[in-house]
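For reference, the structure is listed below as structure tokens.
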Amino acid sequence: MTDLDISKYSSLVRLKQIEGYSSLFPLHEALALEGQPWFGQNAFRSARPFREWEAHGFADFQFQPGVCQYHLGSARAVHHRGWYLKGVGVTPLYRPIEGNYYHGTGHLFPSSAAREYLISEWVKGLGLQSHLVPCEGVLVAPIDGELRAMTEHVYSDGEQDVPSYRDLPPQCDLFLRAISVKSGPFTRFTNFNWYLHTQIAESMGKFVGICSDWSRELGLPEVGDSDFSQVCVDWRDALVDRLKSFFLFQQNGIIWCSMNNNFTSGLRFLDLELPIVTDPGFLFDMIRTDRWDAGSHTARIEVFQMVREVRLWILECIAWCRFRADRLEYSGGGGYLKQKEMLRDISAEMEDVFLKSVIFDDSYWRLFVFEAYSDGLAMSQRPSLERLVRDEAALRLRASAEIAAVSESVSFPSLYSAELANHEKFSVPQWWVEARGGDPSSGAHAFFARLIRHVEGQDDAAGYLSALEYGRREIERFHRGAS
């Protein structure tokens, strides 16, 4: 992915080196950066030329109705020299909304950064690190009084975007701010949505380029200028394989708690702020102990949600390609004619290859999940498992109903906004405790939660980073013991 030009999906961000940050690893000390405004009153008189800036990065544009409602893309994160930094301050893509304190401050809660880092170490211990974009380090610094006051308000006011499962904010969030460090660059489906929505009318070469970017993210060769049929087959096979591999997270006891836009176009999970860690086979435990409520939908079989998000992007891509082709119908010139034909070709191939594949087959994914948990299950308990899987699939796999609408190239913002909106509250689920007889003091969940709480209890940078290092060593010890 080192040859990916993320700038074509992004807005330029001016960065400045900030004092006061401590780094978990010396390698990342130079990444103590903060976004700086370079527009506004007298900006063009006082701003130095771009080449004289201390540093710069790129905040990626995203387009997805119902998800990017407060900003045009990354509101507090930038790609910088091969790194992805979250918590660098407000980017130019943020649109100020009263009350949106969570993204509006541009900073990252240290409690979130701790989860990003420790869950990355946990996944590494499971051998699944290739399926996510891991957090490789954290920088932390004290916060000023104003930022602390806003943090207190976020927790006391119960803002909807913040977990509501604790009475008091973590100490680290009241005294510190953090930057999480991940390897980049990478692309999301919503980057492609933005490009198709705003940029694709210029030339067909750009479209071939974004197809190549997606192929590289999927680990496939670049796309040529013709024969999209084989390209679509390769995309389909890679997506199916990665969707099935994504289920390994849940089978190993990891629930991410937030899908939507939180993964790359190669289906590597990206935003690691809200994970719940349980014991492997937790769904099997739920059925076996007969403690689940059929109407609660608390199982959260997240591969269904991931399939749904992939379906929505495929449908949007088909719709946008057709829309652009129709717009070119009335444009002159041979170049426009070639572009129009290529757009129609790729949309037809995608419809033929994808919509007829198992990606859009609900029964395939229901059976896939059922078989993963049915081995060793008593025959009398299988109907309960079937019912749970069916209910979860019906709740999560809703994009199939939109196929007919997309075939008519309808305007889709209003069509998808209700589907993409996610108003669920995320917390350590009560059903997990109930499934283990009401004893939360044992198992992987309690172990991981203890490490997180240890970090959250720190109110200075040295203690916070020391707690992260302790957590890393404990996770290594835990997995050595488990193996």
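Identifiers in the structure tokens: chain A, B, ... in order shown; residue index from 1 per chain; ligand index from 1 in order shown.
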What's the 8 Å shell around segment 3-20 of chain A, counting only C-alpha atoms, without same-chain residues fewer than 6 positions away, as JSON, numbers by chain? {"A": [30, 31, 32, 33, 34, 35, 36, 37, 38, 53, 54, 55, 56, 57, 58, 59, 60, 61, 78, 79, 91, 92, 93, 141, 142, 185, 186, 187, 191, 192, 194, 195, 213]}
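Minimum atom-to-atom distances from A:Ala462, A:Val140, A:Ala394, A:Ala449 to Ile301 of chain A were compared using only C-alpha atoms, and the lowest value belongs to A:Ala394.
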Among segment 132-251 of chain A, which ones does DSSP assign to strand (DSSP E or B) (computed from the backbone)? Answer as a list in words. Leu132, Cys135, Glu136, Gly137, Val138, Leu139, Val140, Ala141, Pro142, Leu176, Arg177, Ala178, Ile179, Ser180, Val181, Lys182 and Ser183 of chain A
Write a file of the just-selected residues containing C-alpha atoms, as a PDB file, in the first residue's frame.
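What landed in result-v6.pdb:
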ATOM      1  CA  LEU A 132      -7.077  -4.988  10.913  1.00  0.00           C
ATOM      2  CA  CYS A 135      -2.552   0.763  16.510  1.00  0.00           C
ATOM      3  CA  GLU A 136       1.236   0.706  16.745  1.00  0.00           C
ATOM      4  CA  GLY A 137       1.756   3.411  19.335  1.00  0.00           C
ATOM      5  CA  VAL A 138       0.259   6.209  21.401  1.00  0.00           C
ATOM      6  CA  LEU A 139       1.337   9.739  22.287  1.00  0.00           C
ATOM      7  CA  VAL A 140      -0.170  11.503  25.277  1.00  0.00           C
ATOM      8  CA  ALA A 141      -0.075  15.042  26.714  1.00  0.00           C
ATOM      9  CA  PRO A 142      -1.842  17.049  29.427  1.00  0.00           C
ATOM     10  CA  LEU A 176      -4.821  13.906  29.198  1.00  0.00           C
ATOM     11  CA  ARG A 177      -5.267  13.930  25.439  1.00  0.00           C
ATOM     12  CA  ALA A 178      -3.915  11.312  23.060  1.00  0.00           C
ATOM     13  CA  ILE A 179      -2.824  10.615  19.488  1.00  0.00           C
ATOM     14  CA  SER A 180      -3.005   7.043  18.222  1.00  0.00           C
ATOM     15  CA  VAL A 181      -0.546   5.925  15.543  1.00  0.00           C
ATOM     16  CA  LYS A 182      -1.381   3.451  12.764  1.00  0.00           C
ATOM     17  CA  SER A 183       0.265   2.494   9.490  1.00  0.00           C
TER      18      SER A 183
END
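For Glu341 of chain A, the residues within 8 Å (counting only C-alpha atoms, excluding itself and residues fewer than 4 positions away along the chain) are A:Ala325, A:Leu337, A:Asp345.
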Distance of atom CA of Cys172 of chain A from atom CA of Asp271 of chain A, expressed in Å to one decimal place: 19.8 Å
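Among A:Gly457, A:Gly82, A:Gly281, A:Gly87, the residue with the shortest atom-to-atom distance to Thr105 of chain A, counting only C-alpha atoms, is A:Gly87.
Note that the spacing between atom CA of Lys206 of chain A and atom CA of Tyr94 of chain A amounts to 26.0 Å.
The interatomic distance for the pair atom CA of Ala461 of chain A and atom CA of Arg473 of chain A works out to 18.6 Å.
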Selected residue of minimal separation from Arg148 of chain A among A:Leu451, A:Ile255, A:Leu243, A:Leu174, counting only C-alpha atoms: A:Leu174
Using backbone DSSP assignments, extract all alpha helix (DSSP H) residues from segment 291-389 of chain A; output them as an NGL selection string. :A and (302-328 or 334-354 or 362-374 or 382-389)
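Using only C-alpha atoms, the nearest neighbour of Arg322 of chain A within the list A:Gln381, A:Ser23, A:Gln339, A:Gln62 is A:Gln339.
Near Val353 of chain A, within 7 Å and counting only C-alpha atoms, sit Cys232, Val233, Glu349 and Ser357 of chain A, not including residues fewer than 4 positions from it in the same chain.
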For the residues in that selection, give me N, CA and C atoms as a CSV table (one decimal), in the first residue's frame.
chain,number,residue,atom,x,y,z
A,232,CYS,N,-14.0,-7.9,-11.9
A,232,CYS,CA,-15.1,-8.0,-11.0
A,232,CYS,C,-15.1,-9.4,-10.3
A,233,VAL,N,-14.8,-10.4,-11.1
A,233,VAL,CA,-14.7,-11.8,-10.5
A,233,VAL,C,-13.6,-11.8,-9.4
A,349,GLU,N,-21.0,-5.1,-15.4
A,349,GLU,CA,-20.3,-6.2,-14.9
A,349,GLU,C,-20.5,-6.4,-13.4
A,357,SER,N,-24.0,-13.1,-6.7
A,357,SER,CA,-23.0,-13.9,-5.9
A,357,SER,C,-23.6,-14.1,-4.5
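For Ala348 of chain A, the list of residues within 10 Å, based on only C-alpha atoms and with local chain neighbours fewer than 6 positions off taken out, reads Phe228, Ser229, Ile318, Cys321, Arg322, Met342 and Phe354 of chain A.
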Generate the output file for the selected residues, C-alpha atoms, as a PDB file, in the first residue's frame.
ATOM      1  CA  PHE A 228     -13.759  -5.517 -16.230  1.00  0.00           C
ATOM      2  CA  SER A 229     -15.443  -8.935 -16.178  1.00  0.00           C
ATOM      3  CA  ILE A 318     -23.389   0.739  -9.554  1.00  0.00           C
ATOM      4  CA  CYS A 321     -21.482   4.717 -12.495  1.00  0.00           C
ATOM      5  CA  ARG A 322     -24.855   4.688 -14.225  1.00  0.00           C
ATOM      6  CA  MET A 342     -16.520   2.217 -19.688  1.00  0.00           C
ATOM      7  CA  PHE A 354     -21.851  -9.186  -7.512  1.00  0.00           C
TER       8      PHE A 354
END
Nearest-residue call for Cys211 of chain A, choices A:Asp234, A:Asp460, A:Glu152, A:Asp241, using only C-alpha atoms: A:Asp234
